[in-house]
Number of protein chains: 2
Amino acid sequence: MTHPNTLHKPIRTKAQQVLLDYIAPIARLSDAEIDFILQEIKIREYAKGKVLLREGQIGNICYFVLQGCVRQYYLVDGVEKTTAFFTEGMPVNSTFVFDDNASKFYLVCNEPCALIEGSPEDEKSFFEKMPKMESMNRVGVEMELQKSQDAFAEFVIANPETRYLNLMKTRPDLLDRVPQYQLASYLGITPESLSRIRKRIMEK
Amino acid sequence: MTHPNTLHKPIRTKAQQVLLDYIAPIARLSDAEIDFILQEIKIREYAKGKVLLREGQIGNICYFVLQGCVRQYYLVDGVEKTTAFFTEGMPVNSTFVFDDNASKFYLVCNEPCALIEGSPEDEKSFFEKMPKMESMNRVGVEMELQKSQDAFAEFVIANPETRYLNLMKTRPDLLDRVPQYQLASYLGITPESLSRIRKRIMEK
């Protein structure tokens, strides 16, 4: 006799689904493995404005965004220079395992956030309980490395207008959810230049 | 009785030492494990000018530079835009496992090169023979991700002069071994601007 639970897929929350969508191209998991992962992870909620990491702090937590937007910025001569927006389905690396240096940047919740949190110790214990996880993690990090290298190259070769057009294509949600001055900083231009670019594109 | 071989460290070539120096902070290996790795890897030598990957090709080889310099560039309206220089001790990612897309960039040997080459199949078989290798690989890729994200952020927040000063600090060898027009392109400026920056710094 089949147990009734095996007849239909369990219902996942929207936040859980964000994680499962991230894992799907990396590994095929059984329902039992998925349940195990969802039990193991620690989810924390933070209010908008919460600073997760400051310049000078030793970072030792990794995050994965289930909901919201985490912004990375550097303080250069007292001015915030935004260098990354991490939104749903993106890991946030803030552990500096290899050089043991203090963080050079800030991480702040740009919106109310639901984040998976993990320390290196959490990760180690997770891998011990589910060795497959280490292999999945490796593939995930390779995926992030590829994205990061592509994004770097595209930033170097593009002029600001092309950078904005790329963003419209690859991350259209950012254009609405992020203040214009942060977006301009992220594109390496002034808010005035961003206005001109938007106007030019609208007129086309 | 101790076997005489255990009394002194085996002699490694300069190229082998580059790989061992890369692995050292990642994992502690026995001499037997090191011998196994050095036996397993495939080293190929290429002449200056050899194109390893072209735009439009499906990349399926990973490299690790033992000697020489591999340059990554994009062709934008017929102009080469240099986006990376991979030198001794740097892995070169050119497999696009996840999107199965054709390469958007070129990889060319800027100097005579000695490279470790590996396909995804080589990697898989390596991991099967030495499972510890997968864990080492994961840590290595995490290290590369951190470097890539740092480099991106530093590029975004810095002006061209600061980018040049950063390069003087972090990769001084590049300033001598790379043609000025490629270096200028990599810094996102014209060769004339690069000359002016160099002059300004010399005068300080």
# chains A, B, ... in the order shown; residues from 1 in each chain; ligands from 1
$ select_by_dssp --residues "segment 28-147 of chain B" --states "helix (DSSP H, G or I)" --output "PyMOL selection string"
chain B and resi 31-40+120-129+132-147
$ residues_around --residues "segment 72-85 of chain B" --least-positions-apart "3" --cutoff "6 Å" --atoms "only C-alpha atoms" --output "list in words"
Ala153 of chain A; Phe105, Tyr106, Leu107, Ser185 and Tyr186 of chain B
$ residues_around --residues "segment 43-58 of chain B" --least-positions-apart "5" --cutoff "12 Å" --atoms "only C-alpha atoms" --output "PyMOL selection string"
chain B and resi 15-16+19+37-38+63-76+80+92-118
$ write_last_selection --atoms "C-alpha atoms" --output "CSV table (one decimal), in the first residue's frame"
chain,number,residue,atom,x,y,z
B,15,ALA,CA,56.1,24.5,-13.1
B,16,GLN,CA,55.0,21.8,-10.6
B,19,LEU,CA,50.6,24.2,-8.7
B,37,ILE,CA,48.2,14.7,-8.6
B,38,LEU,CA,51.4,15.4,-10.6
B,63,TYR,CA,43.1,25.6,-17.7
B,64,PHE,CA,45.5,26.4,-14.9
B,65,VAL,CA,48.6,28.6,-15.8
B,66,LEU,CA,51.9,27.0,-14.8
B,67,GLN,CA,53.9,29.4,-17.0
B,68,GLY,CA,53.1,32.3,-19.3
B,69,CYS,CA,50.1,34.6,-19.7
B,70,VAL,CA,46.7,33.9,-21.2
B,71,ARG,CA,44.7,37.0,-22.2
B,72,GLN,CA,40.9,37.2,-22.3
B,73,TYR,CA,39.3,39.7,-24.7
B,74,TYR,CA,36.0,40.6,-26.2
B,75,LEU,CA,35.7,41.9,-29.8
B,76,VAL,CA,33.5,45.0,-29.6
B,80,GLU,CA,39.7,44.0,-28.8
B,92,VAL,CA,41.2,30.0,-16.4
B,93,ASN,CA,37.5,29.2,-16.5
B,94,SER,CA,36.2,28.6,-20.0
B,95,THR,CA,33.6,25.9,-19.5
B,96,PHE,CA,30.0,27.1,-19.7
B,97,VAL,CA,28.4,24.1,-18.1
B,98,PHE,CA,25.3,25.8,-16.9
B,99,ASP,CA,23.9,27.7,-19.8
B,100,ASP,CA,25.6,25.7,-22.6
B,101,ASN,CA,26.2,28.9,-24.4
B,102,ALA,CA,28.8,29.7,-26.9
B,103,SER,CA,31.8,31.7,-25.6
B,104,LYS,CA,31.4,35.5,-25.7
B,105,PHE,CA,35.2,36.0,-25.5
B,106,TYR,CA,38.5,35.0,-26.8
B,107,LEU,CA,41.4,33.4,-24.9
B,108,VAL,CA,44.9,33.8,-26.4
B,109,CYS,CA,48.4,32.9,-25.2
B,110,ASN,CA,50.1,36.3,-24.8
B,111,GLU,CA,53.4,34.5,-24.2
B,112,PRO,CA,54.6,31.0,-24.6
B,113,CYS,CA,52.5,29.0,-22.1
B,114,ALA,CA,52.6,25.8,-20.1
B,115,LEU,CA,49.0,25.0,-19.0
B,116,ILE,CA,47.3,22.3,-17.1
B,117,GLU,CA,44.3,21.3,-19.2
B,118,GLY,CA,41.2,19.5,-18.0
$ residues_around --residues "Phe126 of chain A" --least-positions-apart "3" --cutoff "12 Å" --atoms "only C-alpha atoms" --output "compact mmCIF listing (two decimals) with C-alpha atoms, in the first residue's frame"
# COMPACT_ATOMS: atom_id res chain seq x y z
CA PHE A 36 16.25 17.41 5.15
CA ILE A 37 17.73 20.56 3.60
CA LEU A 38 14.67 22.66 4.47
CA GLN A 39 14.89 21.41 8.07
CA GLU A 40 18.62 22.13 8.37
CA ILE A 41 18.73 25.68 7.04
CA LYS A 42 18.41 28.64 9.36
CA GLY A 118 25.34 29.90 7.59
CA SER A 119 28.69 30.00 9.34
CA PRO A 120 31.66 27.91 8.15
CA GLU A 121 30.86 25.56 11.08
CA ASP A 122 27.22 25.19 9.93
CA GLU A 123 28.50 24.38 6.47
CA LYS A 129 25.37 14.99 7.48
CA MET A 130 24.80 15.12 3.71
CA PRO A 131 28.04 14.64 1.74
CA LYS A 132 26.23 15.24 -1.56
CA MET A 133 25.79 18.81 -0.37
CA GLU A 134 29.51 19.55 -0.72
CA SER A 135 29.46 18.54 -4.36
CA MET A 136 26.31 20.64 -4.94
CA ASN A 137 27.96 23.53 -3.20
$ select_by_dssp --residues "chain A" --states "strand (DSSP E or B)" --output "JSON, numbers by chain"
{"A": [42, 43, 44, 45, 46, 51, 52, 53, 62, 63, 64, 65, 66, 67, 69, 70, 71, 72, 73, 74, 75, 76, 79, 80, 81, 82, 83, 84, 85, 86, 87, 91, 92, 106, 107, 108, 109, 113, 114, 115, 116, 117, 118]}
$ write_last_selection --atoms "C-alpha atoms" --output "short mmCIF file (atom, residue, chain, number, x, y, z; two decimals), in the first residue's frame"
data_model
loop_
_atom_site.label_atom_id
_atom_site.label_comp_id
_atom_site.auth_asym_id
_atom_site.auth_seq_id
_atom_site.Cartn_x
_atom_site.Cartn_y
_atom_site.Cartn_z
CA LYS A 42 18.41 28.64 9.36
CA ILE A 43 16.17 31.40 8.04
CA ARG A 44 16.33 34.86 9.60
CA GLU A 45 14.23 37.91 8.88
CA TYR A 46 15.66 41.42 8.96
CA VAL A 51 23.47 46.38 8.57
CA LEU A 52 24.70 42.79 8.18
CA LEU A 53 28.38 43.62 7.89
CA CYS A 62 27.26 33.40 4.33
CA TYR A 63 23.79 34.39 3.22
CA PHE A 64 21.35 33.30 0.57
CA VAL A 65 18.53 35.69 -0.27
CA LEU A 66 15.05 34.14 -0.10
CA GLN A 67 13.29 37.48 -0.13
CA CYS A 69 17.50 42.87 -1.46
CA VAL A 70 20.92 43.11 0.20
CA ARG A 71 23.16 45.93 -1.00
CA GLN A 72 26.94 45.88 -0.92
CA TYR A 73 28.76 49.20 -0.79
CA TYR A 74 32.19 50.66 -0.11
CA LEU A 75 32.71 53.96 1.69
CA VAL A 76 35.13 56.00 -0.42
CA VAL A 79 30.62 58.52 -0.17
CA GLU A 80 28.77 55.20 -0.57
CA LYS A 81 29.80 53.40 -3.75
CA THR A 82 27.34 50.62 -4.45
CA THR A 83 28.97 47.53 -5.94
CA ALA A 84 26.30 44.82 -5.78
CA PHE A 85 22.61 44.13 -5.23
CA PHE A 86 21.79 40.61 -4.06
CA THR A 87 18.15 39.69 -4.63
CA PRO A 91 24.14 33.87 -2.47
CA VAL A 92 26.01 36.62 -0.62
CA TYR A 106 29.25 47.08 4.02
CA LEU A 107 26.24 44.81 3.56
CA VAL A 108 22.85 46.34 4.30
CA CYS A 109 19.26 45.18 3.87
CA CYS A 113 14.76 40.49 3.99
CA ALA A 114 14.43 36.75 4.60
CA LEU A 115 17.88 35.21 4.44
CA ILE A 116 19.40 31.78 4.93
CA GLU A 117 22.40 32.21 7.20
CA GLY A 118 25.34 29.90 7.59
#
$ interface_residues --of "chain A" --to "chain B" --cutoff "7 Å" --atoms "only C-alpha atoms" --output "compact mmCIF listing (two decimals) with N, CA and C atoms, in the first residue's frame"
# COMPACT_ATOMS: atom_id res chain seq x y z
N LYS A 81 29.71 53.88 -2.37
CA LYS A 81 29.80 53.40 -3.75
C LYS A 81 29.20 52.00 -3.78
N THR A 83 28.28 48.46 -5.05
CA THR A 83 28.97 47.53 -5.94
C THR A 83 28.18 46.26 -6.23
N ARG A 138 29.91 22.96 -4.55
CA ARG A 138 31.00 23.23 -5.48
C ARG A 138 30.44 23.72 -6.82
N VAL A 141 29.05 27.22 -6.49
CA VAL A 141 30.09 28.25 -6.43
C VAL A 141 30.71 28.46 -7.81
N GLU A 142 30.87 27.38 -8.58
CA GLU A 142 31.38 27.51 -9.96
C GLU A 142 30.45 28.38 -10.80
N LEU A 145 30.96 31.91 -9.82
CA LEU A 145 32.23 32.41 -10.34
C LEU A 145 32.06 32.82 -11.81
N SER A 148 30.09 35.99 -11.98
CA SER A 148 30.87 37.13 -11.50
C SER A 148 31.89 37.57 -12.55
N GLN A 149 32.56 36.59 -13.17
CA GLN A 149 33.56 36.93 -14.19
C GLN A 149 32.89 37.56 -15.42
N PHE A 152 31.87 41.14 -14.58
CA PHE A 152 33.06 42.00 -14.55
C PHE A 152 33.44 42.39 -15.98
N ALA A 153 33.56 41.37 -16.83
CA ALA A 153 33.97 41.63 -18.22
C ALA A 153 32.96 42.55 -18.90
N VAL A 156 33.48 46.10 -17.82
CA VAL A 156 34.69 46.72 -18.38
C VAL A 156 34.46 47.13 -19.83
N ILE A 157 33.79 46.27 -20.61
CA ILE A 157 33.71 46.55 -22.05
C ILE A 157 32.56 47.50 -22.41
N GLY A 188 28.37 53.15 -12.10
CA GLY A 188 29.61 53.93 -12.19
C GLY A 188 29.39 55.32 -12.77
$ residues_around --residues "Tyr164 of chain A" --least-positions-apart "6" --cutoff "9 Å" --atoms "only C-alpha atoms" --output "list of chain:residue names"
A:Leu187, A:Leu194, A:Ile197, A:Arg198
$ atom_distance --atom1 "atom CA of Arg163 of chain B" --atom2 "atom CA of Arg196 of chain A"
26.8 Å
$ residues_around --residues "Glu192 of chain A" --least-positions-apart "6" --cutoff "12 Å" --atoms "only C-alpha atoms" --output "PDB file with N, CA and C atoms, in the first residue's frame"
ATOM      1  N   GLN A 180      17.332  55.539  -7.384  1.00  0.00           N
ATOM      2  CA  GLN A 180      18.106  55.931  -8.566  1.00  0.00           C
ATOM      3  C   GLN A 180      19.571  56.262  -8.251  1.00  0.00           C
ATOM      4  N   TYR A 181      19.819  56.895  -7.091  1.00  0.00           N
ATOM      5  CA  TYR A 181      21.209  57.274  -6.815  1.00  0.00           C
ATOM      6  C   TYR A 181      22.079  56.046  -6.556  1.00  0.00           C
ATOM      7  N   LEU A 183      21.459  53.081  -7.984  1.00  0.00           N
ATOM      8  CA  LEU A 183      21.582  52.453  -9.293  1.00  0.00           C
ATOM      9  C   LEU A 183      22.679  53.159 -10.098  1.00  0.00           C
ATOM     10  N   ALA A 184      22.685  54.495 -10.039  1.00  0.00           N
ATOM     11  CA  ALA A 184      23.704  55.277 -10.756  1.00  0.00           C
ATOM     12  C   ALA A 184      25.097  54.896 -10.258  1.00  0.00           C
ATOM     13  N   SER A 185      25.244  54.832  -8.943  1.00  0.00           N
ATOM     14  CA  SER A 185      26.533  54.479  -8.346  1.00  0.00           C
ATOM     15  C   SER A 185      26.974  53.104  -8.834  1.00  0.00           C
ATOM     16  N   ARG A 198      18.253  57.348 -19.292  1.00  0.00           N
ATOM     17  CA  ARG A 198      16.873  56.858 -19.271  1.00  0.00           C
ATOM     18  C   ARG A 198      16.026  57.626 -20.268  1.00  0.00           C
ATOM     19  N   LYS A 199      16.233  58.939 -20.318  1.00  0.00           N
ATOM     20  CA  LYS A 199      15.466  59.794 -21.216  1.00  0.00           C
ATOM     21  C   LYS A 199      15.753  59.403 -22.673  1.00  0.00           C
TER      22      LYS A 199
END
